[in-house]
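Asks: File follows, entry.cif with mmCIF, C-alpha atoms and all ligand atoms:
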```cif
data_upload
#
loop_
_atom_site.label_atom_id
_atom_site.label_comp_id
_atom_site.auth_asym_id
_atom_site.auth_seq_id
_atom_site.Cartn_x
_atom_site.Cartn_y
_atom_site.Cartn_z
CA MET A 149 0.00 0.00 0.00
CA LYS A 150 1.14 3.55 -0.82
CA GLN A 151 0.68 6.10 1.97
CA LEU A 152 1.40 9.80 2.24
CA ILE A 153 1.77 11.50 5.61
CA ASP A 154 1.23 15.10 4.70
CA ASN A 155 1.72 18.49 6.39
CA ALA A 156 3.96 17.08 9.14
CA TRP A 157 6.88 18.66 10.95
CA VAL A 158 9.23 15.80 10.11
CA LEU A 159 12.02 15.08 12.61
CA THR A 160 14.29 12.52 10.96
CA PHE A 161 16.63 11.84 13.93
CA ASP A 162 19.46 11.32 11.42
CA GLU A 163 23.08 12.19 12.32
CA GLU A 164 22.50 15.82 11.30
CA TRP A 165 19.10 16.00 13.04
CA THR A 166 17.51 17.10 9.76
CA GLU A 167 14.00 18.57 10.01
CA TYR A 168 11.33 19.36 7.42
CA LYS A 169 9.07 21.86 9.09
CA ASP A 170 6.45 21.79 6.36
CA GLY A 171 7.19 18.25 5.31
CA PHE A 172 5.79 15.00 4.02
CA LEU A 173 6.77 11.35 4.09
CA TYR A 174 5.75 8.86 1.42
CA LEU A 175 5.93 5.11 2.01
CA GLU A 176 5.22 2.02 0.00
CA ASP A 177 4.25 -1.05 2.01
CA ASP A 178 6.78 -1.24 4.87
CA VAL A 179 9.53 1.04 3.50
CA ILE A 180 10.06 4.82 3.49
CA GLN A 181 10.44 6.01 -0.12
CA VAL A 182 10.59 9.80 0.03
CA ILE A 183 10.92 12.47 2.72
CA GLY A 184 10.76 16.10 1.73
CA ASN A 185 9.39 19.56 2.05
CA LYS A 186 5.93 20.31 0.78
CA ASP A 187 7.13 22.69 -1.91
CA GLU A 188 9.19 19.97 -3.56
CA ASP A 189 7.49 17.16 -5.50
CA ARG A 190 4.90 16.29 -2.89
CA ASN A 191 2.01 16.77 -5.37
CA ARG A 192 3.25 13.83 -7.41
CA TYR A 193 2.97 11.53 -4.37
CA LEU A 194 -0.41 12.98 -3.46
CA GLY A 195 -1.75 11.54 -6.69
CA MET A 196 -0.02 8.18 -6.26
CA SER A 197 -1.13 7.43 -2.69
CA ASP A 198 -3.83 4.99 -1.62
CA GLU A 199 -4.07 6.65 1.81
CA ILE A 200 -3.34 10.25 2.78
CA PHE A 201 -2.95 11.33 6.42
CA ASP A 202 -3.13 15.00 7.26
CA ALA A 203 -0.54 15.42 10.02
CA LYS A 204 -0.97 19.16 10.44
CA GLY A 205 0.22 20.41 13.81
CA ARG A 206 2.09 17.23 14.61
CA TRP A 207 5.66 15.93 14.63
CA LEU A 208 6.53 12.84 12.65
CA MET A 209 9.45 10.92 14.13
CA PRO A 210 10.90 7.39 14.13
CA GLY A 211 9.41 4.97 16.66
CA LEU A 212 11.30 4.64 19.93
CA ILE A 213 12.96 1.34 20.79
CA ASN A 214 12.33 -0.08 24.24
CA ALA A 215 15.40 -2.29 24.60
CA HIS A 216 14.60 -3.95 27.92
CA THR A 217 11.36 -4.96 29.60
CA HIS A 218 9.41 -7.89 31.05
CA LEU A 219 5.92 -7.58 29.64
CA PHE A 220 4.28 -10.13 31.98
CA GLN A 221 4.84 -7.68 34.83
CA THR A 222 1.95 -5.50 33.64
CA PHE A 223 -0.04 -7.82 35.91
CA LEU A 224 2.23 -6.89 38.85
CA ARG A 225 2.24 -3.12 38.63
CA GLY A 226 2.67 -1.44 41.98
CA LEU A 227 2.80 -4.64 44.02
CA ALA A 228 6.23 -3.98 45.45
CA ASP A 229 6.81 -0.28 45.36
CA ASP A 230 9.23 -0.10 48.23
CA LYS A 231 11.73 -2.97 48.15
CA PRO A 232 15.31 -3.43 46.92
CA LEU A 233 16.00 -5.70 43.92
CA LEU A 234 16.66 -9.10 45.50
CA ARG A 235 13.84 -8.86 48.06
CA TRP A 236 11.52 -7.46 45.38
CA LEU A 237 12.22 -10.51 43.18
CA LYS A 238 11.93 -13.10 45.94
CA GLU A 239 8.91 -11.74 47.81
CA GLU A 240 6.80 -10.33 44.99
CA ILE A 241 7.82 -11.09 41.42
CA TYR A 242 8.65 -14.80 41.60
CA PRO A 243 5.59 -15.92 43.65
CA PHE A 244 3.13 -14.02 41.44
CA ALA A 245 4.79 -15.11 38.19
CA GLY A 246 4.73 -18.69 39.47
CA ILE A 247 0.94 -18.93 39.48
CA MET A 248 0.31 -17.21 36.15
CA GLU A 249 -1.11 -19.49 33.46
CA GLU A 250 -0.42 -19.58 29.72
CA GLU A 251 -3.30 -17.26 28.84
CA ASP A 252 -2.14 -14.75 31.46
CA PHE A 253 1.11 -14.35 29.54
CA TYR A 254 -0.87 -13.52 26.42
CA LEU A 255 -3.07 -11.00 28.20
CA SER A 256 -0.26 -9.31 30.15
CA ALA A 257 1.85 -9.04 26.99
CA MET A 258 -1.13 -7.60 25.10
CA VAL A 259 -1.42 -4.78 27.64
CA GLY A 260 2.33 -4.25 27.66
CA CYS A 261 2.64 -4.13 23.85
CA LEU A 262 -0.33 -1.79 23.64
CA GLU A 263 1.13 0.55 26.25
CA ASN A 264 4.48 0.56 24.46
CA LEU A 265 2.83 1.43 21.14
CA LYS A 266 0.57 4.08 22.63
CA CYS A 267 3.61 5.72 24.26
CA GLY A 268 5.57 5.78 21.00
CA ALA A 269 7.72 2.63 21.23
CA THR A 270 7.39 0.67 17.99
CA SER A 271 9.97 -2.01 18.92
CA VAL A 272 10.34 -3.84 22.20
CA ILE A 273 12.78 -6.38 23.62
CA ASP A 274 10.89 -8.53 26.10
CA GLN A 275 13.13 -10.56 28.40
CA HIS A 276 10.76 -13.40 29.14
CA TYR A 277 11.96 -15.77 31.86
CA VAL A 278 8.84 -17.53 33.19
CA HIS A 279 8.56 -20.98 31.63
CA MET A 280 6.55 -23.29 33.86
CA SER A 281 4.83 -24.00 30.57
CA PRO A 282 7.19 -23.73 27.59
CA TYR A 283 4.28 -22.27 25.64
CA ASN A 284 4.26 -19.09 27.73
CA SER A 285 6.81 -17.78 25.21
CA ASP A 286 4.47 -18.59 22.33
CA LYS A 287 1.77 -16.57 24.08
CA VAL A 288 4.09 -13.55 24.21
CA PHE A 289 4.77 -13.95 20.49
CA GLU A 290 1.02 -14.20 19.83
CA ALA A 291 0.46 -10.90 21.63
CA MET A 292 3.28 -9.26 19.65
CA MET A 293 1.71 -10.60 16.45
CA LYS A 294 -1.78 -9.38 17.37
CA THR A 295 -0.86 -5.88 18.59
CA GLY A 296 1.34 -5.16 15.57
CA ILE A 297 4.44 -4.19 17.56
CA ARG A 298 7.93 -5.04 16.30
CA GLY A 299 8.56 -7.72 18.88
CA TYR A 300 11.87 -9.18 20.00
CA ASN A 301 11.12 -12.00 22.40
CA CYS A 302 14.31 -12.52 24.38
CA ARG A 303 13.90 -16.09 25.63
CA THR A 304 15.59 -15.89 29.04
CA PHE A 305 16.66 -18.74 31.28
CA GLY A 306 18.64 -20.08 34.22
CA ASN A 307 19.64 -23.67 35.04
CA ARG A 308 20.35 -23.10 38.74
CA LEU A 309 18.00 -20.38 39.86
CA PRO A 310 17.28 -19.91 43.56
CA HIS A 311 13.55 -19.80 42.75
CA LYS A 312 13.11 -23.42 41.66
CA PRO A 313 9.88 -23.14 39.60
CA LEU A 314 11.77 -20.87 37.16
CA GLU A 315 14.77 -23.19 36.84
CA GLU A 316 15.13 -25.35 33.70
CA SER A 317 17.61 -27.96 32.55
CA LYS A 318 20.16 -27.01 29.92
CA GLU A 319 18.71 -29.58 27.55
CA ARG A 320 15.21 -28.12 27.84
CA ILE A 321 16.50 -24.56 27.37
CA LEU A 322 18.43 -25.39 24.21
CA ASN A 323 15.57 -27.50 22.80
CA GLU A 324 13.09 -24.71 23.45
CA LEU A 325 15.34 -22.12 21.84
CA GLY A 326 15.46 -24.29 18.73
CA ARG A 327 11.70 -24.79 18.71
CA LEU A 328 10.95 -21.09 19.17
CA LYS A 329 13.39 -20.14 16.46
CA ASP A 330 11.81 -22.57 14.00
CA THR A 331 8.27 -21.51 14.97
CA TRP A 332 8.53 -17.74 15.25
CA HIS A 333 11.81 -16.15 14.18
CA GLY A 334 11.37 -13.83 11.19
CA ARG A 335 7.59 -14.22 10.91
CA GLU A 336 5.23 -11.39 9.90
CA ASN A 337 7.64 -9.95 7.32
CA GLY A 338 10.46 -10.08 9.89
CA ARG A 339 8.46 -8.18 12.52
CA LEU A 340 8.71 -11.02 15.07
CA ASN A 341 12.15 -12.10 16.23
CA LEU A 342 13.79 -14.34 18.79
CA MET A 343 16.57 -13.18 21.06
CA MET A 344 18.00 -15.02 24.05
CA GLY A 345 20.00 -14.70 27.22
CA PRO A 346 20.72 -15.93 30.74
CA LEU A 347 18.59 -14.13 33.33
CA ASN A 348 21.50 -12.99 35.48
CA PRO A 349 25.14 -13.68 36.36
CA TRP A 350 24.46 -16.13 39.19
CA GLY A 351 21.49 -18.15 37.88
CA SER A 352 23.30 -20.32 35.33
CA THR A 353 26.30 -22.64 35.42
CA PRO A 354 29.39 -21.67 33.39
CA ASP A 355 28.70 -24.37 30.78
CA MET A 356 25.13 -23.01 30.41
CA PHE A 357 26.55 -19.59 29.54
CA ILE A 358 29.06 -21.07 27.10
CA ASP A 359 26.66 -23.47 25.33
CA SER A 360 23.84 -20.93 25.08
CA TYR A 361 26.22 -18.33 23.68
CA ALA A 362 27.34 -20.87 21.08
CA PHE A 363 23.67 -21.32 20.15
CA ALA A 364 23.32 -17.54 19.75
CA VAL A 365 26.36 -17.44 17.46
CA ASP A 366 25.25 -20.45 15.40
CA ASN A 367 21.77 -18.97 14.93
CA ASP A 368 22.80 -15.32 14.71
CA LEU A 369 20.68 -14.22 17.70
CA MET A 370 21.30 -11.26 20.01
CA TYR A 371 22.20 -12.14 23.62
CA GLN A 372 21.02 -10.02 26.58
CA ILE A 373 21.85 -10.44 30.31
CA HIS A 374 21.03 -8.48 33.47
CA THR A 375 24.47 -7.27 34.55
CA ALA A 376 25.78 -5.38 37.58
CA GLU A 377 22.34 -4.00 38.40
CA THR A 378 23.24 -3.65 42.09
CA GLU A 379 26.34 -4.12 44.24
CA ASP A 380 24.87 -7.41 45.55
CA VAL A 381 24.76 -8.75 41.99
CA VAL A 382 28.44 -7.90 41.48
CA GLN A 383 29.33 -9.51 44.80
CA ALA A 384 27.64 -12.78 43.79
CA THR A 385 30.24 -13.54 41.09
CA VAL A 386 33.09 -12.09 43.15
CA ASP A 387 32.24 -14.53 45.96
CA GLU A 388 31.93 -17.54 43.67
CA TYR A 389 34.55 -16.93 40.97
CA GLY A 390 36.67 -14.08 42.28
CA LEU A 391 35.54 -12.04 39.26
CA ARG A 392 33.17 -9.11 38.82
CA ASN A 393 30.20 -9.63 36.47
CA VAL A 394 31.75 -8.51 33.18
CA GLU A 395 35.12 -10.08 34.02
CA PHE A 396 33.28 -13.34 34.64
CA PHE A 397 31.37 -13.14 31.35
CA ASP A 398 34.56 -12.30 29.49
CA SER A 399 36.36 -15.29 31.05
CA LEU A 400 33.63 -17.44 29.47
CA GLY A 401 34.05 -15.77 26.07
CA ILE A 402 30.49 -14.47 25.90
CA VAL A 403 31.09 -10.72 25.52
CA SER A 404 30.88 -9.53 21.90
CA SER A 405 28.92 -7.24 19.62
CA ARG A 406 25.89 -9.51 20.02
CA THR A 407 26.01 -9.16 23.82
CA GLN A 408 23.86 -6.62 25.66
CA LEU A 409 24.31 -5.78 29.30
CA ALA A 410 21.05 -4.63 30.86
CA HIS A 411 21.75 -2.00 33.56
CA ALA A 412 25.58 -2.08 33.90
CA VAL A 413 25.35 0.23 36.90
CA TYR A 414 28.50 -1.03 38.63
CA LEU A 415 31.38 -1.63 36.22
CA ASN A 416 34.98 -0.85 37.15
CA ASP A 417 37.42 0.68 34.66
CA ARG A 418 38.71 -2.71 33.49
CA GLU A 419 35.15 -3.92 32.84
CA LYS A 420 34.31 -0.77 30.89
CA GLU A 421 37.34 -1.44 28.68
CA ILE A 422 36.22 -5.01 28.12
CA VAL A 423 32.75 -3.83 27.05
CA ARG A 424 34.29 -1.29 24.67
CA ASP A 425 36.93 -3.64 23.26
CA ARG A 426 34.46 -6.45 22.61
CA GLY A 427 31.91 -4.09 20.99
CA ALA A 428 29.11 -4.92 23.46
CA LEU A 429 26.16 -2.63 24.23
CA VAL A 430 24.61 -1.34 27.44
CA VAL A 431 20.85 -1.00 28.00
CA HIS A 432 20.11 1.76 30.50
CA ASN A 433 16.88 1.70 32.52
CA PRO A 434 16.90 4.88 34.59
CA VAL A 435 13.37 4.72 36.00
CA ALA A 436 13.80 1.16 37.26
CA ASN A 437 17.24 2.00 38.70
CA MET A 438 15.67 4.87 40.65
CA TYR A 439 12.59 2.85 41.63
CA LEU A 440 14.63 -0.02 43.12
CA ALA A 441 17.27 2.37 44.49
CA SER A 442 19.88 0.41 42.52
CA GLY A 443 22.20 3.27 41.62
CA VAL A 444 23.16 5.41 38.62
CA ALA A 445 24.82 3.90 35.55
CA PRO A 446 27.63 6.16 34.26
CA ILE A 447 26.23 6.15 30.74
CA MET A 448 27.96 9.32 29.61
CA ASP A 449 31.32 7.70 30.40
CA TYR A 450 30.22 4.74 28.31
CA ARG A 451 29.20 6.95 25.43
CA LYS A 452 32.45 8.90 25.60
CA MET A 453 34.30 5.59 25.30
CA GLY A 454 32.24 4.68 22.23
CA ILE A 455 30.02 2.10 23.95
CA PRO A 456 26.48 2.22 22.51
CA VAL A 457 23.81 2.84 25.15
CA ALA A 458 20.20 1.90 24.39
CA LEU A 459 17.28 2.78 26.67
CA GLY A 460 14.59 0.65 28.27
CA THR A 461 11.73 0.93 30.69
CA ASP A 462 12.49 -2.39 32.40
CA GLY A 463 9.45 -4.37 33.55
CA PRO A 464 6.25 -2.74 34.77
CA GLY A 465 6.96 -4.33 38.16
CA SER A 466 9.84 -1.90 38.66
CA ASN A 467 8.80 1.23 36.81
CA ASN A 468 5.66 0.89 36.90
CA SER A 469 4.86 2.05 33.40
CA GLN A 470 6.09 1.33 29.90
CA ASP A 471 6.21 4.97 28.89
CA MET A 472 9.42 5.44 26.90
CA MET A 473 8.71 9.18 26.66
CA GLU A 474 9.02 9.35 30.43
CA VAL A 475 12.30 7.43 30.22
CA LEU A 476 13.74 10.19 28.01
CA LYS A 477 13.34 12.85 30.68
CA ALA A 478 14.50 10.53 33.46
CA THR A 479 17.64 9.70 31.47
CA ALA A 480 18.61 13.35 31.10
CA CYS A 481 17.71 14.48 34.62
CA LEU A 482 19.37 11.53 36.36
CA GLN A 483 22.71 12.14 34.61
CA LYS A 484 22.56 15.85 35.44
CA VAL A 485 21.86 15.43 39.15
CA TYR A 486 24.38 12.58 39.44
CA SER A 487 27.21 14.55 37.82
CA ARG A 488 26.01 17.96 39.02
CA ASP A 489 26.86 19.10 35.50
CA ALA A 490 23.93 20.61 33.58
CA MET A 491 25.83 20.22 30.30
CA ILE A 492 26.69 16.54 30.63
CA ILE A 493 23.83 15.41 28.39
CA TYR A 494 21.78 17.07 25.62
CA PRO A 495 18.33 16.15 24.31
CA GLU A 496 19.89 14.82 21.11
CA ASP A 497 22.06 12.40 23.14
CA VAL A 498 18.96 11.00 24.79
CA LEU A 499 17.00 10.72 21.54
CA ALA A 500 19.91 8.98 19.79
CA MET A 501 20.00 6.40 22.58
CA ALA A 502 16.25 5.76 22.34
CA THR A 503 16.36 5.29 18.55
CA ARG A 504 19.64 4.69 16.69
CA ASP A 505 21.40 2.96 19.58
CA GLY A 506 18.22 1.03 20.27
CA ALA A 507 18.36 -0.21 16.68
CA LYS A 508 21.88 -1.52 17.39
CA ALA A 509 20.41 -3.59 20.22
CA LEU A 510 18.19 -5.20 17.58
CA GLY A 511 21.19 -5.65 15.29
CA ARG A 512 19.67 -3.36 12.64
CA ASP A 513 20.43 -0.16 10.77
CA ASP A 514 17.02 0.28 9.09
CA LEU A 515 15.21 1.35 12.28
CA GLY A 516 15.42 4.33 14.64
CA VAL A 517 15.78 6.94 11.89
CA LEU A 518 13.61 8.35 9.11
CA LYS A 519 15.53 7.87 5.88
CA VAL A 520 14.85 6.51 2.43
CA GLY A 521 14.96 2.72 2.55
CA ALA A 522 14.34 2.48 6.31
CA LYS A 523 11.43 0.58 7.75
CA ALA A 524 8.28 2.65 8.18
CA ASP A 525 8.07 2.51 12.00
CA LEU A 526 6.62 5.96 12.57
CA VAL A 527 5.14 8.04 15.38
CA LEU A 528 3.05 11.20 15.19
CA ILE A 529 3.17 13.49 18.23
CA ASP A 530 0.48 16.03 18.98
CA TRP A 531 2.49 18.97 20.36
CA LYS A 532 -0.02 21.81 20.21
CA LYS A 533 -0.83 21.47 23.89
CA SER A 534 -0.44 23.76 26.86
CA HIS A 535 2.25 21.56 28.45
CA ILE A 536 4.42 21.62 25.29
CA ALA A 537 3.79 24.73 23.15
CA PRO A 538 5.14 27.24 22.28
CA VAL A 539 8.05 25.26 20.92
CA HIS A 540 11.48 26.65 20.12
CA LYS A 541 13.43 23.39 19.98
CA PRO A 542 11.43 20.28 19.14
CA HIS A 543 14.15 17.84 20.31
CA SER A 544 14.24 19.54 23.70
CA ALA A 545 10.44 19.51 23.94
CA MET A 546 10.43 15.82 23.03
CA VAL A 547 12.67 14.99 26.00
CA TYR A 548 11.44 17.47 28.61
CA ASN A 549 7.75 18.16 27.77
CA VAL A 550 6.19 15.31 25.84
CA ASN A 551 4.72 12.32 27.63
CA GLY A 552 3.25 9.10 26.29
CA ASN A 553 -0.25 10.56 26.16
CA ASP A 554 0.86 12.95 23.44
CA VAL A 555 1.39 10.13 20.95
CA ASP A 556 -1.31 10.49 18.31
CA SER A 557 -0.74 7.78 15.69
CA VAL A 558 1.73 4.95 15.17
CA TRP A 559 2.79 2.85 12.19
CA VAL A 560 4.84 -0.33 12.46
CA ASP A 561 6.22 -1.94 9.31
CA GLY A 562 4.07 0.50 7.33
CA LYS A 563 0.85 -0.57 9.03
CA LEU A 564 -1.21 1.90 11.04
CA VAL A 565 -1.64 0.30 14.48
CA ILE A 566 -2.62 3.33 16.61
CA HIS A 567 -4.83 5.94 14.98
CA GLU A 568 -5.63 9.15 16.86
CA LYS A 569 -4.82 7.49 20.20
CA LYS A 570 -6.91 4.36 19.56
CA ALA A 571 -5.67 0.86 18.79
CA VAL A 572 -6.79 0.00 15.27
CA ASP A 573 -7.34 -3.77 15.70
CA ILE A 574 -7.88 -4.19 19.46
CA ASP A 575 -10.82 -3.45 21.73
CA GLU A 576 -8.81 -1.86 24.52
CA THR A 577 -11.68 -1.56 27.01
CA ALA A 578 -12.59 -5.23 26.70
CA LEU A 579 -8.91 -6.21 27.00
CA LEU A 580 -8.40 -4.17 30.17
CA ASP A 581 -11.61 -5.53 31.71
CA ILE A 582 -10.50 -9.13 31.29
CA CYS A 583 -6.95 -8.32 32.45
CA GLN A 584 -8.23 -6.65 35.63
CA GLU A 585 -10.37 -9.71 36.36
CA ARG A 586 -7.44 -12.11 35.90
CA ALA A 587 -5.01 -9.91 37.84
CA ASP A 588 -7.49 -9.67 40.74
CA TYR A 589 -7.89 -13.45 40.75
CA LEU A 590 -4.12 -14.04 40.70
CA TYR A 591 -3.49 -11.46 43.41
CA LYS A 592 -5.99 -13.17 45.72
CA LYS A 593 -4.50 -16.55 44.91
CA VAL A 594 -0.92 -15.48 45.60
CA GLN A 595 -1.93 -14.19 49.03
CA GLY A 596 -3.32 -17.65 49.74
CA VAL A 597 -0.09 -19.28 48.53
CA ARG A 598 1.91 -17.05 50.89
CA ILE A 599 -0.31 -17.83 53.91
CA SER A 600 -0.19 -21.59 53.31
CA ARG A 601 3.65 -21.61 53.28
ZN ZN B 701 15.01 -6.39 33.82
#
```
What would you get if you wrote out this structure as structure tokens?
Ligand SMILES: [Zn+2]
Replies:
Amino acid sequence: MKQLIDNAWVLTFDEEWTEYKDGFLYLEDDVIQVIGNKDEDRNRYLGMSDEIFDAKGRWLMPGLINAHTHLFQTFLRGLADDKPLLRWLKEEIYPFAGIMEEEDFYLSAMVGCLENLKCGATSVIDQHYVHMSPYNSDKVFEAMMKTGIRGYNCRTFGNRLPHKPLEESKERILNELGRLKDTWHGRENGRLNLMMGPLNPWGSTPDMFIDSYAFAVDNDLMYQIHTAETEDVVQATVDEYGLRNVEFFDSLGIVSSRTQLAHAVYLNDREKEIVRDRGALVVHNPVANMYLASGVAPIMDYRKMGIPVALGTDGPGSNNSQDMMEVLKATACLQKVYSRDAMIIYPEDVLAMATRDGAKALGRDDLGVLKVGAKADLVLIDWKKSHIAPVHKPHSAMVYNVNGNDVDSVWVDGKLVIHEKKAVDIDETALLDICQERADYLYKKVQGVRISR
């Protein structure tokens, strides 16, 4: 299908931050064909288009990339507002996750994907680590398929986890990775993809890390691990192996350009050099780091060293939202207060992390920027509002004024999935009603499980 998005203030997010204030974007099927100013040859495309969207008064920008979350936690929002990471996992997240059924993983991922889209994230990496039924992962893929999001299901695992219901054997993990790859990877015109990774540095045996990494290399899959999120997490590998998290991973040979370290709050200088030298990437989750009082990742040091830094919300259990627009402001403000240097980070730094560096986390160069030949993952922002206008600098306003509710319309792979704030193919009210019912039921049940222990 040929579509013209007309009358937009186009923000390309390319290296030069090119804008077309009175612009248009023409796409055919899933690919951007032309971007220009209205006075150029826009009339030609007006005649050629099957659909024309009048985007007057709105910004057109590339979709944001949420590079780290756990979608099932939409069912756990706000359950553990005031606990540190390891207690939060043990007392709240693991027990609740343990009683969720296959259909709950579909429903919770539906809400999570929808929230991501409605807040302007067109791609999401979902670290999914709850596999009492192996088909929970299929349910996440089904939700990604149905909502229209560009979904990267990061099949996560551990073969010696302290919470036994989440533990799996190495054989099962590798078999399941093979099955999921054969069933889902590359489906929907490449919109659905498999990724993989160990849950954390202490929950797998060394041979599990090594063999799973070999699987990632053999199948060309990206590999993401929670790393150095808190000082306790670092201490776990120091106690067992005498090595900090990244030193331990590097001793196993699993740090490379396909490796992504979620959080990386506590890396020493040697570890930072390893990350840089191996070409690995960091995923920064500022809201979750603040929420769990984990600490501040020195992301501007990483960027200065040439380490790509993508952004994520982390799971709705530790955020509690999936609003990537909110993450933009948190990223900037956290670095400023931490360094006490107001010039340490600029809006363009933040936007590059949420788009072009996010695309690196997906292993792609055709996302995170509006350019000819790129995928048509597009977001329209309604900025003529009293909390945004008047605007002098749109990139600044995007980081410091816009929130997820300002997202007007969203295309993924050239398909309109959110139109004027409404999901095109999903009855949101009915979905939320059934999710509230299930979440209430599970919450009651988990209280019972706790009492009977
Ligand atoms: Zn996480």
Asks: Quick one: of A:Glu263, A:Asp274, A:Asp554, A:Glu419, who's nearest to Arg392 in chain A, counting all atoms listed in the file?
Replies: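 Distance minimum relative to Arg392 in chain A lands on A:Glu419.
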Asks: Between A:Met370, A:Val288, A:Val259, A:Ile273, which residue has the minimum interatomic distance to Ile574 in chain A, considering all atoms listed in the file?
Replies: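 That would be A:Val259, the residue with the smallest distance to Ile574 in chain A.
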Asks: Return as an MDAnalysis selection string every polymer residue, whether protein, DNA or RNA, with at least one atom no more than 10 Å from an atom of ligand ZN 701 (chain B); count all atoms listed in the file.
Replies: chainID A and resid 216:218 274:276 347:348 373:375 377 410:411 431 433 436:437 460:466
Asks: If we count only C-alpha atoms, what is near Gly195 in chain A at a cut-off of 10 Å, once residues fewer than 5 positions away on the same chain are taken out, given as an mmCIF file with C-alpha atoms, keeping the file's coordinate frame?
Replies:
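And here's part05.cif as it stands now:
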```
data_model
loop_
_atom_site.group_PDB
_atom_site.id
_atom_site.type_symbol
_atom_site.label_atom_id
_atom_site.label_comp_id
_atom_site.auth_asym_id
_atom_site.auth_seq_id
_atom_site.Cartn_x
_atom_site.Cartn_y
_atom_site.Cartn_z
ATOM 1 C CA LEU A 152 1.400 9.800 2.240
ATOM 2 C CA ARG A 190 4.900 16.290 -2.890
ATOM 3 C CA ILE A 200 -3.340 10.250 2.780
#
```
Asks: So how many Å separate CA of Met293 in chain A and CA of Ser271 in chain A, to one decimal?
Replies: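 For CA of Met293 in chain A relative to CA of Ser271 in chain A, the distance reads 12.2 Å.
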Asks: May I ask which of the residues A:Asp162, A:Asp387, A:Asp154, A:Glu167 is the closest one to Pro542 in chain A, counting all atoms listed in the file?
Replies: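 Checking each candidate against Pro542 in chain A, we get A:Glu167 as the closest.
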Asks: Just to confirm, what's the straight-line distance from CA of Gly184 in chain A to CA of Ile153 in chain A in Å (one decimal)?
Replies: 10.8 Å
Asks: Could you tell me how far CA of Gln408 in chain A sits from CA of Thr378 in chain A, in Å to one decimal place?
Replies: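 Value for the CA of Thr378 in chain A-CA of Gln408 in chain A distance: 16.7 Å.
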Asks: Using all atoms listed in the file, which of the listed residues (A:Lys294, A:Lys563, A:Lys519, A:His535) sits closest to Met209 in chain A?
Replies: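 Between A:Lys294, A:Lys563, A:Lys519, A:His535, the residue approaching Met209 in chain A most closely is A:Lys519.
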Asks: Restricting the calculation to all atoms listed in the file, which member of A:Asn551, A:Met501, A:Gly296, A:Ser281 is positioned closest to Arg320 in chain A?
Replies: A:Ser281
Asks: When you look at range 210-213 of chain A with a cut-off of 6 Å (counting only C-alpha atoms), what residues show up, excluding the ones that are within fewer than 6 positions of it in the same chain? I need them as a ChimeraX atom specification.
Replies: /A:268-272,502-503,506,516-518,525-527
Asks: Which residues are near range 231-244 of chain A? Cut-off 7 Å, only C-alpha atoms, ignore same chain within fewer than 6 positions. Put them as a list in words.
Replies: Leu440, Ala441 and Val594 of chain A
Asks: Within 10 Å of Asp425 in chain A, counting all atoms listed in the file, which residues qualify if same-chain residues fewer than 5 places away don't, as a list of chain:residue names?
Replies: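 My list of contacting residues is A:Val403, A:Ser404, A:Ser405, A:Glu419, A:Lys420, A:Met453, A:Gly454, A:Ile455.
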Asks: List as an mmCIF file with C-alpha atoms, keeping the file's coordinate frame the protein and nucleic acid residues near Tyr494 in chain A, meaning an atom at most 10 Å away when all atoms listed in the file are counted, but skip any in the same chain fewer than 2 places from it.
Replies:
```
data_model
loop_
_atom_site.group_PDB
_atom_site.id
_atom_site.type_symbol
_atom_site.label_atom_id
_atom_site.label_comp_id
_atom_site.auth_asym_id
_atom_site.auth_seq_id
_atom_site.Cartn_x
_atom_site.Cartn_y
_atom_site.Cartn_z
ATOM 1 C CA ALA A 480 18.610 13.350 31.100
ATOM 2 C CA LYS A 484 22.560 15.850 35.440
ATOM 3 C CA ALA A 490 23.930 20.610 33.580
ATOM 4 C CA MET A 491 25.830 20.220 30.300
ATOM 5 C CA ILE A 492 26.690 16.540 30.630
ATOM 6 C CA GLU A 496 19.890 14.820 21.110
ATOM 7 C CA ASP A 497 22.060 12.400 23.140
ATOM 8 C CA VAL A 498 18.960 11.000 24.790
ATOM 9 C CA LEU A 499 17.000 10.720 21.540
ATOM 10 C CA HIS A 543 14.150 17.840 20.310
ATOM 11 C CA SER A 544 14.240 19.540 23.700
ATOM 12 C CA VAL A 547 12.670 14.990 26.000
#
```
Asks: From the set A:Asp561, A:Asp417, A:Asp556, A:Asp588, which residue has the shortest atom-to-atom contact distance to Lys266 in chain A, counting all atoms listed in the file?
Replies: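 Smallest separation from Lys266 in chain A among the options: A:Asp556.
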Asks: If I put a ball of radius 8 Å at (24.5, -14.4, 19.9) in the file's coordinates, which residues poke into it when counting only C-alpha atoms, written as a list in words?
Replies: Met344, Tyr361, Ala362, Phe363, Ala364, Val365, Asp366, Asn367, Asp368, Leu369, Met370, Tyr371, Arg406 and Thr407 of chain A
